[in-house]
file protein_29.tsv (TSV, C-alpha atoms)
chain	number	residue	atom	x	y	z
A	3	MET	CA	114.81	132.11	84.47
A	4	SER	CA	115.99	128.86	85.88
A	5	LYS	CA	115.01	126.62	88.71
A	6	TYR	CA	117.39	124.94	91.02
A	7	PHE	CA	117.28	122.37	93.72
A	8	VAL	CA	119.91	122.39	96.43
A	9	GLU	CA	120.61	119.59	98.80
A	10	ALA	CA	122.19	121.34	101.71
A	11	LYS	CA	122.83	118.20	103.68
A	12	ASN	CA	125.21	118.84	106.56
A	13	LYS	CA	125.56	122.49	105.69
A	14	PHE	CA	123.44	123.46	108.65
A	15	GLU	CA	125.05	121.23	111.21
A	16	GLU	CA	127.31	123.84	112.77
A	17	ASP	CA	124.86	126.66	113.13
A	18	GLY	CA	121.58	125.33	111.94
A	19	PHE	CA	120.93	121.94	113.36
A	20	ILE	CA	122.64	122.77	116.62
A	21	LEU	CA	119.75	125.16	117.05
A	22	LEU	CA	117.09	122.60	116.25
A	23	PRO	CA	116.43	121.81	119.91
A	24	ASN	CA	115.42	125.43	120.28
A	25	ILE	CA	112.85	125.01	117.54
A	26	HIS	CA	111.49	121.87	119.15
A	27	ASN	CA	111.41	123.68	122.45
A	28	MET	CA	109.24	126.38	120.90
A	29	LYS	CA	106.45	123.85	120.57
A	30	VAL	CA	106.99	122.57	124.05
A	31	GLU	CA	106.77	126.12	125.29
A	32	GLY	CA	103.54	126.57	123.40
A	33	GLU	CA	104.85	129.19	121.05
A	34	THR	CA	103.32	127.70	117.94
A	35	ILE	CA	99.83	128.88	117.25
A	36	PRO	CA	97.12	127.21	115.21
A	37	PHE	CA	96.33	128.41	111.74
A	38	ASP	CA	92.78	127.11	111.53
A	39	GLU	CA	90.93	128.62	108.60
A	40	PRO	CA	89.39	125.71	106.70
A	41	LEU	CA	89.03	127.74	103.50
A	42	LEU	CA	92.77	128.40	103.52
A	43	GLY	CA	94.51	125.80	105.63
A	44	ILE	CA	95.01	124.08	108.96
A	45	TYR	CA	98.34	123.66	110.77
A	46	GLU	CA	100.42	124.89	113.70
A	47	PHE	CA	103.02	127.55	113.04
A	48	ALA	CA	105.34	130.14	114.53
A	49	ASP	CA	107.20	133.00	112.86
A	50	ILE	CA	110.80	132.50	113.95
A	51	PRO	CA	114.14	134.21	113.46
A	52	LEU	CA	116.23	132.00	111.19
A	53	PRO	CA	119.28	130.41	112.76
A	54	LYS	CA	122.45	132.01	111.42
A	55	GLY	CA	123.58	128.95	109.44
A	56	MET	CA	120.28	128.75	107.59
A	57	SER	CA	120.12	132.41	106.63
A	58	GLN	CA	123.78	132.32	105.58
A	59	ALA	CA	123.13	129.29	103.34
A	60	ILE	CA	120.29	131.12	101.63
A	61	LYS	CA	122.40	134.24	101.22
A	62	ASN	CA	125.26	132.23	99.72
A	63	ILE	CA	122.92	130.84	97.06
A	64	THR	CA	120.70	133.80	96.27
A	65	GLY	CA	122.59	136.82	97.56
A	66	ILE	CA	119.54	137.80	99.55
A	67	GLU	CA	119.57	138.27	103.29
A	68	VAL	CA	116.66	136.55	105.02
A	69	ALA	CA	115.96	136.84	108.72
A	70	ILE	CA	112.48	135.40	109.37
A	71	GLY	CA	110.85	132.11	108.46
A	72	LYS	CA	107.57	130.40	109.19
A	73	TYR	CA	108.01	127.23	111.24
A	74	ILE	CA	105.19	124.80	110.42
A	75	GLU	CA	104.17	121.55	112.08
A	76	ILE	CA	102.30	119.20	109.77
A	77	THR	CA	100.10	116.54	111.35
A	78	HIS	CA	97.10	114.43	110.35
A	79	ARG	CA	94.46	116.72	108.74
A	80	SER	CA	96.93	119.56	108.07
A	81	TYR	CA	96.81	121.31	104.70
A	82	GLN	CA	97.46	124.63	103.02
A	83	LEU	CA	95.46	125.45	99.90
A	84	LEU	CA	97.05	127.05	96.87
A	85	GLN	CA	98.48	130.37	97.94
A	86	GLN	CA	100.16	133.06	95.87
A	87	LEU	CA	103.59	134.13	97.02
A	88	GLU	CA	103.98	137.74	98.01
A	89	LYS	CA	107.63	137.63	97.04
A	90	LYS	CA	109.65	136.01	94.25
A	91	HIS	CA	111.60	133.36	96.13
A	92	PHE	CA	110.25	130.45	98.13
A	93	ALA	CA	112.38	128.24	100.34
A	94	VAL	CA	111.70	125.16	102.42
A	95	ILE	CA	114.01	123.92	105.14
A	96	GLU	CA	113.29	120.34	106.10
A	97	LEU	CA	113.64	119.64	109.80
A	98	THR	CA	112.16	116.16	109.83
A	99	GLU	CA	114.36	113.10	109.80
A	100	SER	CA	111.79	110.65	108.51
A	101	TRP	CA	108.57	111.16	106.58
A	102	ASN	CA	106.67	108.92	104.18
A	103	PRO	CA	105.43	111.08	101.26
A	104	GLU	CA	102.39	108.80	101.06
A	105	ASN	CA	101.24	110.44	104.30
A	106	GLY	CA	100.56	113.60	102.31
A	107	GLY	CA	101.63	116.82	103.98
A	108	ASN	CA	103.95	117.45	101.06
A	109	ILE	CA	105.00	120.92	99.94
A	110	VAL	CA	104.15	121.66	96.32
A	111	VAL	CA	105.10	124.67	94.21
A	112	ALA	CA	102.96	125.52	91.20
A	113	ASP	CA	102.68	127.96	88.32
A	114	GLY	CA	98.91	128.28	88.74
A	115	GLU	CA	98.27	126.96	85.24
A	116	GLY	CA	98.66	123.25	85.86
A	117	GLU	CA	102.39	122.79	86.16
A	118	HIS	CA	103.57	121.91	89.63
A	119	LEU	CA	106.51	120.39	91.43
A	120	GLU	CA	106.15	118.30	94.58
A	121	ILE	CA	109.27	118.99	96.58
A	122	PRO	CA	110.80	115.61	97.35
A	123	PHE	CA	111.20	114.83	101.01
A	124	MET	CA	114.86	114.98	101.96
A	125	PRO	CA	116.03	115.23	105.56
A	126	ASN	CA	118.29	118.14	106.43
A	127	SER	CA	117.75	119.84	103.10
A	128	LEU	CA	117.09	123.28	101.70
A	129	PHE	CA	114.87	123.84	98.67
A	130	ILE	CA	114.73	127.19	96.90
A	131	SER	CA	112.48	128.13	94.01
A	132	LYS	CA	112.32	131.41	92.13
A	133	ILE	CA	110.03	130.50	89.26
A	134	TYR	CA	106.83	129.22	90.85
A	135	PRO	CA	104.46	131.95	92.08
A	136	PHE	CA	102.21	129.59	94.10
A	137	TRP	CA	102.58	126.91	96.72
A	138	TYR	CA	100.40	124.55	98.71
A	139	MET	CA	100.70	121.78	101.26
A	140	SER	CA	98.87	118.60	100.33
A	141	TYR	CA	96.37	117.18	102.83
A	142	CYS	CA	98.07	115.06	105.48
A	143	ASN	CA	96.20	111.78	105.73
A	144	HIS	CA	95.62	109.27	108.51
A	145	TYR	CA	98.74	107.27	107.69
A	146	ALA	CA	100.69	110.04	109.41
A	147	LYS	CA	99.17	108.76	112.69
A	148	ASP	CA	100.83	110.75	115.47
A	149	SER	CA	103.93	111.73	113.54
A	150	VAL	CA	104.79	115.36	112.94
A	151	ARG	CA	106.58	116.87	109.95
A	152	LYS	CA	108.44	120.06	110.76
A	153	VAL	CA	109.52	122.53	108.11
A	154	ILE	CA	110.43	126.17	107.81
A	155	VAL	CA	109.00	127.95	104.77
A	156	ILE	CA	110.34	131.32	103.72
A	157	GLU	CA	109.18	133.88	101.21
A	158	PHE	CA	111.79	136.40	100.22
B	18	MET	CA	59.95	111.72	97.42
B	19	ILE	CA	61.87	114.93	98.14
B	20	PRO	CA	60.01	116.92	100.84
B	21	LYS	CA	59.03	120.55	100.42
B	22	LYS	CA	61.91	122.94	101.03
B	23	SER	CA	60.09	124.40	104.05
B	24	GLU	CA	60.50	120.99	105.73
B	25	TRP	CA	64.26	120.85	105.12
B	26	THR	CA	66.83	121.43	107.81
B	27	GLN	CA	67.64	125.14	107.50
B	28	LYS	CA	70.90	125.37	109.45
B	29	PRO	CA	73.64	125.96	108.52
B	30	PHE	CA	72.03	126.21	105.06
B	31	PRO	CA	69.00	124.44	103.60
B	32	HIS	CA	69.58	120.70	103.18
B	33	ILE	CA	67.67	117.44	103.30
B	34	THR	CA	68.35	113.71	103.25
B	35	VAL	CA	65.95	111.09	101.94
B	36	ASP	CA	66.73	107.49	102.82
B	37	ASN	CA	65.83	104.59	100.51
B	38	TYR	CA	65.21	107.09	97.73
B	39	ILE	CA	65.32	104.47	94.99
B	40	ASP	CA	66.62	100.95	94.52
B	41	VAL	CA	70.23	101.62	93.52
B	42	THR	CA	71.32	98.03	92.88
B	43	GLU	CA	71.13	98.26	89.10
B	44	LEU	CA	72.57	101.78	89.05
B	45	LEU	CA	75.62	100.64	91.01
B	46	GLU	CA	76.14	97.76	88.56
B	47	HIS	CA	76.19	100.20	85.65
B	48	ILE	CA	78.43	102.71	87.39
B	49	ALA	CA	80.89	99.98	88.33
B	50	LYS	CA	81.50	99.54	84.60
B	51	GLU	CA	82.38	103.20	84.08
B	52	GLU	CA	85.96	104.41	83.89
B	53	PHE	CA	87.00	106.50	86.90
B	54	ILE	CA	89.75	109.09	86.60
B	55	HIS	CA	92.04	109.94	89.50
B	56	LYS	CA	91.55	113.62	90.37
B	57	LYS	CA	94.05	115.32	92.65
B	58	SER	CA	94.72	118.94	93.58
B	59	ASP	CA	95.32	121.07	96.65
B	60	LEU	CA	91.55	120.91	97.31
B	61	PHE	CA	90.70	117.24	96.70
B	62	GLU	CA	91.69	113.72	95.86
B	63	PHE	CA	89.17	111.17	94.60
B	64	PHE	CA	88.11	109.25	91.51
B	65	GLN	CA	85.48	110.60	89.13
B	66	SER	CA	83.64	109.30	86.08
B	67	GLN	CA	82.98	111.25	82.93
B	68	SER	CA	79.63	113.03	82.70
B	69	LEU	CA	76.82	110.52	82.99
B	70	LYS	CA	73.90	112.83	82.17
B	71	ASP	CA	73.33	111.31	78.75
B	72	LYS	CA	73.67	107.70	79.82
B	73	ASP	CA	70.44	105.72	79.52
B	74	PHE	CA	70.83	104.13	82.94
B	75	VAL	CA	70.89	107.58	84.59
B	76	LYS	CA	68.43	109.62	82.54
B	77	ASN	CA	65.28	108.59	84.38
B	78	ILE	CA	66.90	109.08	87.77
B	79	LEU	CA	68.02	112.58	86.87
B	80	LYS	CA	64.58	113.40	85.49
B	81	GLN	CA	63.01	112.23	88.74
B	82	ILE	CA	65.39	114.22	90.94
B	83	LYS	CA	65.01	117.36	88.82
B	84	GLU	CA	61.18	117.20	88.77
B	85	GLU	CA	60.87	116.41	92.47
B	86	LEU	CA	63.33	119.16	93.34
B	87	GLU	CA	61.38	121.63	91.22
B	88	ASN	CA	58.21	120.66	93.07
B	89	ALA	CA	59.96	120.85	96.43
B	90	THR	CA	61.49	124.27	95.86
B	91	GLY	CA	59.05	125.95	93.48
B	92	GLU	CA	61.96	126.73	91.18
B	93	THR	CA	62.62	125.60	87.64
B	94	PHE	CA	66.00	124.41	86.50
B	95	SER	CA	67.55	124.65	83.08
B	96	ASP	CA	69.64	121.53	83.57
B	97	ILE	CA	70.84	118.82	85.90
B	98	ASP	CA	74.28	117.31	85.48
B	99	SER	CA	75.71	114.12	86.81
B	100	HIS	CA	78.86	112.16	87.42
B	101	ALA	CA	79.90	109.39	89.75
B	102	THR	CA	82.59	109.75	92.38
B	103	ASN	CA	84.51	107.15	94.29
B	104	TYR	CA	86.42	108.07	97.44
B	105	GLU	CA	88.85	105.43	98.63
B	106	ASP	CA	91.29	105.27	101.52
B	107	THR	CA	92.81	108.75	102.25
B	108	ASN	CA	90.62	110.52	99.65
B	109	PHE	CA	89.00	113.82	100.69
B	110	LEU	CA	87.41	117.06	99.54
B	111	LEU	CA	88.39	120.14	101.55
B	112	PRO	CA	85.95	122.93	102.47
B	113	HIS	CA	84.49	125.03	99.64
B	114	ASP	CA	81.10	126.50	98.71
B	115	ASP	CA	80.33	124.84	95.33
B	116	GLN	CA	79.41	128.16	93.69
B	117	LEU	CA	80.07	127.79	89.97
B	118	GLU	CA	78.16	127.85	86.69
B	119	ASN	CA	74.75	128.90	88.06
B	120	ARG	CA	74.48	125.92	90.37
B	121	ARG	CA	71.36	126.02	92.56
B	122	TYR	CA	71.17	122.70	94.39
B	123	ALA	CA	73.75	119.97	94.85
B	124	TYR	CA	72.61	116.37	95.12
B	125	LEU	CA	74.34	113.15	96.11
B	126	LEU	CA	72.82	109.72	95.80
B	127	TYR	CA	74.98	107.38	97.83
B	128	LEU	CA	75.46	103.92	96.41
B	129	THR	CA	77.49	102.37	99.23
B	130	ASP	CA	77.48	102.31	103.02
B	131	VAL	CA	80.34	103.94	104.91
B	132	GLU	CA	80.60	103.56	108.68
B	133	GLU	CA	81.25	106.65	110.80
B	134	ASP	CA	84.71	105.47	111.82
B	135	GLU	CA	85.59	105.10	108.13
B	136	GLY	CA	85.06	108.83	107.50
B	137	GLY	CA	83.59	110.03	104.21
B	138	ALA	CA	80.87	112.16	105.79
B	139	LEU	CA	79.56	115.24	104.06
B	140	ALA	CA	80.28	117.90	106.68
B	141	LEU	CA	78.35	121.18	106.61
B	142	PHE	CA	80.00	124.28	108.07
B	143	ASP	CA	78.59	127.43	109.61
B	144	ASP	CA	78.47	130.66	107.61
B	145	THR	CA	82.05	131.56	108.50
B	146	CYS	CA	83.35	128.09	107.64
B	147	SER	CA	84.85	127.72	111.08
B	148	GLU	CA	82.71	125.01	112.70
B	149	ILE	CA	80.98	121.87	111.47
B	150	VAL	CA	77.26	122.14	112.18
B	151	ASN	CA	75.97	118.90	110.68
B	152	LYS	CA	77.29	115.72	109.10
B	153	ILE	CA	75.65	113.41	106.60
B	154	GLN	CA	77.05	109.89	106.56
B	155	PRO	CA	77.00	107.98	103.27
B	156	LYS	CA	74.37	105.27	103.31
B	157	LYS	CA	73.26	103.13	100.40
B	158	ALA	CA	70.27	104.72	98.59
B	159	ARG	CA	70.41	107.87	100.73
B	160	LEU	CA	69.79	111.05	98.74
B	161	ALA	CA	71.36	114.23	100.14
B	162	ILE	CA	70.55	117.67	98.76
B	163	PHE	CA	71.69	121.13	99.75
B	164	GLU	CA	71.18	124.63	98.42
B	165	VAL	CA	74.26	126.18	96.82
B	166	SER	CA	74.92	129.70	98.03
B	167	ASP	CA	77.71	131.93	99.24
B	168	ILE	CA	77.53	130.22	102.65
B	169	SER	CA	77.17	126.59	101.57
B	170	TYR	CA	80.55	125.64	102.96
B	171	HIS	CA	81.03	121.90	103.06
B	172	CYS	CA	83.63	119.19	102.73
B	173	VAL	CA	83.96	115.44	102.40
B	174	GLU	CA	85.91	114.10	105.33
B	175	GLU	CA	88.84	111.83	104.63
B	176	VAL	CA	87.93	108.21	103.96
B	177	MET	CA	89.91	105.91	106.21
B	178	GLY	CA	90.13	102.22	105.55
B	179	ASP	CA	89.34	99.63	102.93
B	180	VAL	CA	86.05	101.08	101.79
B	181	GLN	CA	84.62	102.69	98.66
B	182	ARG	CA	82.39	105.73	99.02
B	183	ILE	CA	80.60	105.69	95.69
B	184	ALA	CA	77.93	108.23	94.85
B	185	LEU	CA	76.07	109.69	91.92
B	186	GLY	CA	76.14	113.46	92.20
B	187	GLY	CA	75.79	116.76	90.49
B	188	TRP	CA	73.91	120.03	90.49
B	189	THR	CA	70.73	121.55	89.19
B	190	HIS	CA	71.30	124.81	87.31
B	191	GLU	CA	69.31	128.02	87.15
call {"tool": "encode", "arguments": {"input": "protein_29.tsv", "output": "structure tokens"}}
result
Amino acid sequence: MSKYFVEAKNKFEEDGFILLPNIHNMKVEGETIPFDEPLLGIYEFADIPLPKGMSQAIKNITGIEVAIGKYIEITHRSYQLLQQLEKKHFAVIELTESWNPENGGNIVVADGEGEHLEIPFMPNSLFISKIYPFWYMSYCNHYAKDSVRKVIVIEF
Amino acid sequence: MIPKKSEWTQKPFPHITVDNYIDVTELLEHIAKEEFIHKKSDLFEFFQSQSLKDKDFVKNILKQIKEELENATGETFSDIDSHATNYEDTNFLLPHDDQLENRRYAYLLYLTDVEEDEGGALALFDDTCSEIVNKIQPKKARLAIFEVSDISYHCVEEVMGDVQRIALGGWTHE
């Protein structure tokens, strides 16, 4: 088994990031819904069909076709406690241009036995893991103020 | 003196606060000399000391809490453990129920004041952990106790600002 980190900067521009306004519009249209279960996590999300460029990028790397992702908005007081993946692969598509990791709200993959990897913030990037069976989102603290981090997470 | 359990607030689960429980000036001086370790996970981030239960400066306080809590509840406890915690800016403890290792009652003896707008409150949730029913704000020499059960959902709200939320805490055990 191996782990890999892929910076997919600019790979999404043609198909992926052209469609970003649609994702932003989903929030404006009220299509995100709150996940508000304090024992599990708190954030806004929407299950969305992946833009073609994004699903193609994932297929090019893994050979697996993926159609649906979970769009998540991370704001002050958001978190997701340690959660076991239902599938082998875990991907994060970063949609945010600027985010200070000291705000929290960082995506972390873990083996459940102490080893973990905090996915570094990188605008316009794709992260794929196939070795960590767990993930969580660290608590987003008050330094986030009114800023919003937007990501798509995918299990496949 | 810890009141009888029948006099405690019963909702969302039995809990009580006692202000000016003891003079904590000397205790805080001792605890300030302890080494605090940074603890961080998906559930929490704060600083914690090693176990203090065998430290001379804590023994009498633990004995007092244990005996008064036995009188208040009519139960007997095999043990009481203790450590100090320090929550600084952005530190937090997310909702959980505390059930572990035969814990019966959790106690916190606050050693510093924290204003409401600085966060740090102990928030008590309803039995589905969906709504906060009560909040206990840290106040110097305030003792807070709650019964540990399968509905004792609580959290420590994020500390915001240049403040230290220092407390001596632990659990009595069956």
call {"tool": "closest_atom_pairs", "arguments": {"input": "protein_29.tsv", "of": "chain B", "to": "chain A", "cutoff": "10 Å", "atoms": "all atoms listed in the file", "output": "CSV"}}
result
residue,atom,partner,partner_atom,distance
B:Lys57,CA,A:Ser140,CA,9.6
B:Ser58,CA,A:Ser140,CA,7.9
B:Asp59,CA,A:Leu83,CA,5.5
B:Leu60,CA,A:Leu83,CA,6.5
B:Phe61,CA,A:Tyr141,CA,8.4
B:Glu62,CA,A:Tyr141,CA,9.1
B:Asp106,CA,A:His144,CA,9.1
B:Thr107,CA,A:Asn143,CA,5.7
B:Asn108,CA,A:Asn143,CA,8.3
B:Phe109,CA,A:Tyr141,CA,8.4
B:Leu110,CA,A:Tyr141,CA,9.5
B:Leu111,CA,A:Pro40,CA,7.7
B:Pro112,CA,A:Leu41,CA,5.8
B:His113,CA,A:Leu41,CA,6.5
B:Asp114,CA,A:Leu41,CA,9.3
B:Phe142,CA,A:Pro40,CA,9.6
B:Thr145,CA,A:Glu39,CA,9.4
B:Cys146,CA,A:Pro40,CA,6.6
B:Ser147,CA,A:Pro40,CA,6.6
B:Glu148,CA,A:Pro40,CA,9.0
B:Tyr170,CA,A:Leu41,CA,8.8
B:His171,CA,A:Pro40,CA,9.9
B:Cys172,CA,A:Pro40,CA,9.6
B:Glu174,CA,A:Arg79,CA,9.6
B:Glu175,CA,A:Asn143,CA,7.4
B:Val176,CA,A:His144,CA,9.0
B:Met177,CA,A:His144,CA,7.0
B:Gly178,CA,A:His144,CA,9.4
call {"tool": "closest_residue", "arguments": {"input": "protein_29.tsv", "among": "B:Asp179, B:Ala101, B:Thr34, B:Lys28", "to": "Ile54 (chain B)", "atoms": "all atoms listed in the file"}}
result
B:Ala101
call {"tool": "residues_around", "arguments": {"input": "protein_29.tsv", "residues": "region 161-165 of chain B", "least_positions_apart": "6", "cutoff": "6 Å", "atoms": "all atoms listed in the file", "output": "PyMOL selection string"}}
result
chain B and resi 31-34+121-125
call {"tool": "closest_residue", "arguments": {"input": "protein_29.tsv", "among": "A:Thr98, A:Gln86, A:Thr64, A:Thr77", "to": "Ala146 (chain A)", "atoms": "only C-alpha atoms"}}
result
A:Thr77
call {"tool": "closest_residue", "arguments": {"input": "protein_29.tsv", "among": "A:Pro36, A:Pro51, A:Gly71, A:Gly65", "to": "Ile154 (chain A)", "atoms": "all atoms listed in the file"}}
result
A:Gly71
call {"tool": "atom_distance", "arguments": {"input": "protein_29.tsv", "atom1": "CA of Ala69 (chain A)", "atom2": "CA of Ile130 (chain A)"}}
result
15.3 Å
call {"tool": "atom_distance", "arguments": {"input": "protein_29.tsv", "atom1": "CA of Leu87 (chain A)", "atom2": "CA of Lys132 (chain A)"}}
result
10.4 Å
call {"tool": "atom_distance", "arguments": {"input": "protein_29.tsv", "atom1": "CA of Ile183 (chain B)", "atom2": "CA of Thr90 (chain B)"}}
result
26.7 Å
call {"tool": "closest_residue", "arguments": {"input": "protein_29.tsv", "among": "B:Val150, B:Met18, B:Ala158, B:Ala49", "to": "Glu84 (chain B)", "atoms": "only C-alpha atoms"}}
result
B:Met18
call {"tool": "residues_around", "arguments": {"input": "protein_29.tsv", "residues": "Asp98 (chain B)", "least_positions_apart": "5", "cutoff": "7 Å", "atoms": "all atoms listed in the file", "output": "list in words"}}
result
Lys70, Gly187, Trp188 and Thr189 of chain B
call {"tool": "closest_residue", "arguments": {"input": "protein_29.tsv", "among": "B:Val173, B:Ala184, B:Ile19, B:Leu44", "to": "Ala89 (chain B)", "atoms": "all atoms listed in the file"}}
result
B:Ile19
call {"tool": "closest_residue", "arguments": {"input": "protein_29.tsv", "among": "B:Ile48, B:Leu141, B:Val180, B:Ile78", "to": "Leu160 (chain B)", "atoms": "all atoms listed in the file"}}
result
B:Ile78
call {"tool": "residues_around", "arguments": {"input": "protein_29.tsv", "residues": "Arg159 (chain B)", "least_positions_apart": "3", "cutoff": "8 Å", "atoms": "all atoms listed in the file", "output": "PyMOL selection string"}}
result
chain B and resi 34-38+126-128+155-156
